[in-house]
$ cat coords.pdb   # PDB, C-alpha atoms, pLDDT in the B column
ATOM      1  CA  MET A   1      61.167 -56.933 130.584  1.00 64.00           C
ATOM      2  CA  ARG A   2      64.422 -55.106 131.207  1.00 87.00           C
ATOM      3  CA  ILE A   3      64.974 -51.486 130.294  1.00 92.00           C
ATOM      4  CA  MET A   4      67.978 -49.133 130.413  1.00 95.00           C
ATOM      5  CA  ARG A   5      68.478 -45.413 129.916  1.00 96.00           C
ATOM      6  CA  ILE A   6      69.779 -44.615 126.414  1.00 96.00           C
ATOM      7  CA  ASP A   7      72.788 -42.644 127.701  1.00 95.00           C
ATOM      8  CA  LYS A   8      73.844 -45.605 129.861  1.00 95.00           C
ATOM      9  CA  PHE A   9      73.263 -48.070 127.006  1.00 96.00           C
ATOM     10  CA  LEU A  10      75.437 -46.041 124.630  1.00 96.00           C
ATOM     11  CA  LYS A  11      78.255 -45.959 127.193  1.00 95.00           C
ATOM     12  CA  ASN A  12      78.027 -49.630 128.261  1.00 94.00           C
ATOM     13  CA  SER A  13      77.840 -50.802 124.638  1.00 94.00           C
ATOM     14  CA  ARG A  14      80.808 -48.546 123.809  1.00 94.00           C
ATOM     15  CA  LEU A  15      78.976 -46.953 120.899  1.00 94.00           C
ATOM     16  CA  ILE A  16      79.894 -43.684 122.652  1.00 93.00           C
ATOM     17  CA  LYS A  17      82.876 -43.635 125.005  1.00 92.00           C
ATOM     18  CA  ARG A  18      81.562 -41.439 127.835  1.00 94.00           C
ATOM     19  CA  ARG A  19      78.101 -41.042 129.349  1.00 93.00           C
ATOM     20  CA  THR A  20      78.392 -37.244 129.332  1.00 95.00           C
ATOM     21  CA  VAL A  21      79.063 -37.341 125.579  1.00 95.00           C
ATOM     22  CA  ALA A  22      76.071 -39.679 125.114  1.00 95.00           C
ATOM     23  CA  LYS A  23      73.903 -37.215 127.068  1.00 95.00           C
ATOM     24  CA  GLU A  24      75.119 -34.306 124.918  1.00 95.00           C
ATOM     25  CA  ALA A  25      74.348 -36.251 121.721  1.00 95.00           C
ATOM     26  CA  CYS A  26      70.793 -36.850 122.983  1.00 95.00           C
ATOM     27  CA  ASP A  27      70.376 -33.201 124.024  1.00 95.00           C
ATOM     28  CA  GLN A  28      71.535 -32.081 120.565  1.00 95.00           C
ATOM     29  CA  GLY A  29      68.931 -34.250 118.823  1.00 96.00           C
ATOM     30  CA  ARG A  30      71.376 -36.714 117.265  1.00 96.00           C
ATOM     31  CA  VAL A  31      70.000 -39.940 118.808  1.00 97.00           C
ATOM     32  CA  TYR A  32      66.786 -41.708 117.776  1.00 97.00           C
ATOM     33  CA  ILE A  33      65.053 -44.771 119.215  1.00 97.00           C
ATOM     34  CA  ASN A  34      62.659 -46.444 116.746  1.00 97.00           C
ATOM     35  CA  ASP A  35      62.643 -43.252 114.610  1.00 96.00           C
ATOM     36  CA  LYS A  36      61.667 -41.060 117.588  1.00 97.00           C
ATOM     37  CA  LEU A  37      63.971 -38.381 118.971  1.00 97.00           C
ATOM     38  CA  ALA A  38      65.538 -39.609 122.221  1.00 96.00           C
ATOM     39  CA  LYS A  39      66.339 -37.680 125.376  1.00 95.00           C
ATOM     40  CA  ALA A  40      69.150 -38.831 127.687  1.00 93.00           C
ATOM     41  CA  GLY A  41      66.563 -40.360 130.037  1.00 94.00           C
ATOM     42  CA  SER A  42      64.681 -42.201 127.280  1.00 96.00           C
ATOM     43  CA  GLU A  43      64.555 -45.936 127.852  1.00 96.00           C
ATOM     44  CA  VAL A  44      65.612 -48.692 125.462  1.00 97.00           C
ATOM     45  CA  GLN A  45      64.701 -52.357 125.533  1.00 96.00           C
ATOM     46  CA  VAL A  46      65.714 -55.428 123.562  1.00 96.00           C
ATOM     47  CA  GLY A  47      64.585 -55.168 119.943  1.00 96.00           C
ATOM     48  CA  ASP A  48      64.708 -51.359 119.718  1.00 97.00           C
ATOM     49  CA  ILE A  49      66.483 -49.739 116.772  1.00 97.00           C
ATOM     50  CA  ILE A  50      68.896 -46.937 117.694  1.00 97.00           C
ATOM     51  CA  HIS A  51      70.141 -44.410 115.152  1.00 97.00           C
ATOM     52  CA  ILE A  52      73.024 -42.062 116.030  1.00 96.00           C
ATOM     53  CA  GLU A  53      74.327 -39.198 113.897  1.00 95.00           C
ATOM     54  CA  PHE A  54      78.021 -38.341 114.253  1.00 89.00           C
ATOM     55  CA  GLY A  55      78.996 -35.181 112.369  1.00 86.00           C
ATOM     56  CA  ASN A  56      79.114 -36.391 108.768  1.00 91.00           C
ATOM     57  CA  SER A  57      78.356 -40.080 109.393  1.00 93.00           C
ATOM     58  CA  SER A  58      75.660 -42.099 111.132  1.00 94.00           C
ATOM     59  CA  ILE A  59      75.111 -45.559 112.542  1.00 95.00           C
ATOM     60  CA  SER A  60      72.039 -47.717 113.131  1.00 96.00           C
ATOM     61  CA  CYS A  61      71.960 -50.724 115.412  1.00 97.00           C
ATOM     62  CA  LYS A  62      69.510 -53.135 116.971  1.00 97.00           C
ATOM     63  CA  VAL A  63      69.529 -53.701 120.745  1.00 96.00           C
ATOM     64  CA  LEU A  64      70.223 -57.394 121.430  1.00 96.00           C
ATOM     65  CA  ASN A  65      70.930 -57.369 125.148  1.00 94.00           C
ATOM     66  CA  LEU A  66      71.004 -55.003 128.142  1.00 94.00           C
ATOM     67  CA  ILE A  67      74.117 -55.710 130.197  1.00 90.00           C
ATOM     68  CA  GLU A  68      75.085 -53.682 133.267  1.00 87.00           C
ATOM     69  CA  SER A  69      78.783 -54.574 133.126  1.00 80.00           C
ATOM     70  CA  GLN A  70      81.255 -52.469 131.210  1.00 75.00           C
ATOM     71  CA  LYS A  71      83.584 -55.173 129.963  1.00 83.00           C
ATOM     72  CA  LYS A  72      84.689 -54.962 126.354  1.00 84.00           C
ATOM     73  CA  GLU A  73      83.616 -58.558 125.651  1.00 85.00           C
ATOM     74  CA  ASP A  74      80.090 -57.845 126.923  1.00 84.00           C
ATOM     75  CA  ALA A  75      79.775 -54.603 124.932  1.00 89.00           C
ATOM     76  CA  GLU A  76      79.926 -56.473 121.621  1.00 86.00           C
ATOM     77  CA  LYS A  77      76.954 -58.665 122.643  1.00 91.00           C
ATOM     78  CA  MET A  78      74.670 -55.683 123.306  1.00 93.00           C
ATOM     79  CA  TYR A  79      73.914 -54.675 119.720  1.00 95.00           C
ATOM     80  CA  GLU A  80      74.262 -55.507 116.039  1.00 95.00           C
ATOM     81  CA  ILE A  81      74.894 -52.959 113.300  1.00 94.00           C
ATOM     82  CA  ILE A  82      72.122 -52.864 110.708  1.00 93.00           C
TER      83      ILE A  82
END

$ encode --input "coords.pdb" --output "structure tokens"
Amino acid sequence: MRIMRIDKFLKNSRLIKRRTVAKEACDQGRVYINDKLAKAGSEVQVGDIIHIEFGNSSISCKVLNLIESQKKEDAEKMYEII
């Protein structure tokens, strides 16, 4: 079973543009994995539900794939909005 750090997943999937911003979001308590508060080093795996709060909006998505590459085409295959 493959796993990936949440900050890296958010960057590679392009849900958040930079890894430092993803880390800050985790540190500020705005990222949840399966309804549990996530730290930047928390690990995600296929099937997990990620919830991110951005200021006055939020997004929830399901992890479909963990891809190391950072190509735009691959990013879209990593999650689905729910």

$ residues_around --input "coords.pdb" --residues "Gly55 of chain A" --least-positions-apart "3" --cutoff "10 Å" --atoms "only C-alpha atoms" --output "list in words"
Arg30, Ile52 and Ser58 of chain A

$ closest_residue --input "coords.pdb" --among "A:Leu66, A:Ile49, A:Ala75, A:Leu37" --to "Met4 of chain A" --atoms "only C-alpha atoms"
A:Leu66

$ resolve_selection --input "coords.pdb" --expression "the PyMOL selection byres ((chain A and resi 61) around 8)" --output "mmCIF file with C-alpha atoms, in the coordinates of the input"
data_model
loop_
_atom_site.group_PDB
_atom_site.id
_atom_site.type_symbol
_atom_site.label_atom_id
_atom_site.label_comp_id
_atom_site.auth_asym_id
_atom_site.auth_seq_id
_atom_site.Cartn_x
_atom_site.Cartn_y
_atom_site.Cartn_z
ATOM 1 C CA ILE A 49 66.483 -49.739 116.772
ATOM 2 C CA ILE A 50 68.896 -46.937 117.694
ATOM 3 C CA HIS A 51 70.141 -44.410 115.152
ATOM 4 C CA ILE A 59 75.111 -45.559 112.542
ATOM 5 C CA SER A 60 72.039 -47.717 113.131
ATOM 6 C CA LYS A 62 69.510 -53.135 116.971
ATOM 7 C CA VAL A 63 69.529 -53.701 120.745
ATOM 8 C CA TYR A 79 73.914 -54.675 119.720
ATOM 9 C CA GLU A 80 74.262 -55.507 116.039
ATOM 10 C CA ILE A 81 74.894 -52.959 113.300
ATOM 11 C CA ILE A 82 72.122 -52.864 110.708
#

$ residues_around --input "coords.pdb" --residues "Lys72 of chain A" --least-positions-apart "4" --cutoff "10 Å" --atoms "only C-alpha atoms" --output "NGL selection string"
:A and (12-14 or 76-77)

$ axis_aligned_box --input "coords.pdb" --around "segment 44-49 of chain A" --padding-each-side "3 Å" --output "AutoDock Vina command-line options"
--center_x 65.5 --center_y -52.1 --center_z 121.2 --size_x 7.9 --size_y 12.7 --size_z 14.8

$ residues_around --input "coords.pdb" --residues "Lys23 of chain A" --least-positions-apart "2" --cutoff "6 Å" --atoms "all atoms listed in the file" --output "list of chain:residue names"
A:Asp7, A:Thr20, A:Val21, A:Ala25, A:Cys26, A:Ala40

$ write_last_selection --input "coords.pdb" --atoms "C-alpha atoms" --output "short mmCIF file (atom, residue, chain, number, x, y, z; two decimals), keeping the file's coordinate frame"
data_model
loop_
_atom_site.label_atom_id
_atom_site.label_comp_id
_atom_site.auth_asym_id
_atom_site.auth_seq_id
_atom_site.Cartn_x
_atom_site.Cartn_y
_atom_site.Cartn_z
CA ASP A 7 72.79 -42.64 127.70
CA THR A 20 78.39 -37.24 129.33
CA VAL A 21 79.06 -37.34 125.58
CA ALA A 25 74.35 -36.25 121.72
CA CYS A 26 70.79 -36.85 122.98
CA ALA A 40 69.15 -38.83 127.69
#

$ atom_distance --input "coords.pdb" --atom1 "atom CA of Ile3 of chain A" --atom2 "atom CA of Gln45 of chain A"
4.8 Å

$ closest_residue --input "coords.pdb" --among "A:Arg19, A:Val44, A:Glu24, A:Val31" --to "Ile6 of chain A" --atoms "all atoms listed in the file"
A:Val44

$ atom_distance --input "coords.pdb" --atom1 "atom CA of Asn65 of chain A" --atom2 "atom CA of Lys39 of chain A"
20.2 Å

$ closest_residue --input "coords.pdb" --among "A:Met78, A:Leu15, A:Ile67, A:Ala22" --to "Ala38 of chain A" --atoms "all atoms listed in the file"
A:Ala22

$ atom_distance --input "coords.pdb" --atom1 "atom CA of Glu68 of chain A" --atom2 "atom CA of Gln28 of chain A"
25.3 Å

$ closest_residue --input "coords.pdb" --among "A:Phe9, A:Phe54, A:Arg2, A:Ile16" --to "Gly41 of chain A" --atoms "all atoms listed in the file"
A:Phe9

$ closest_residue --input "coords.pdb" --among "A:Gly29, A:Gln70, A:Lys11, A:Leu64" --to "Asp48 of chain A" --atoms "only C-alpha atoms"
A:Leu64
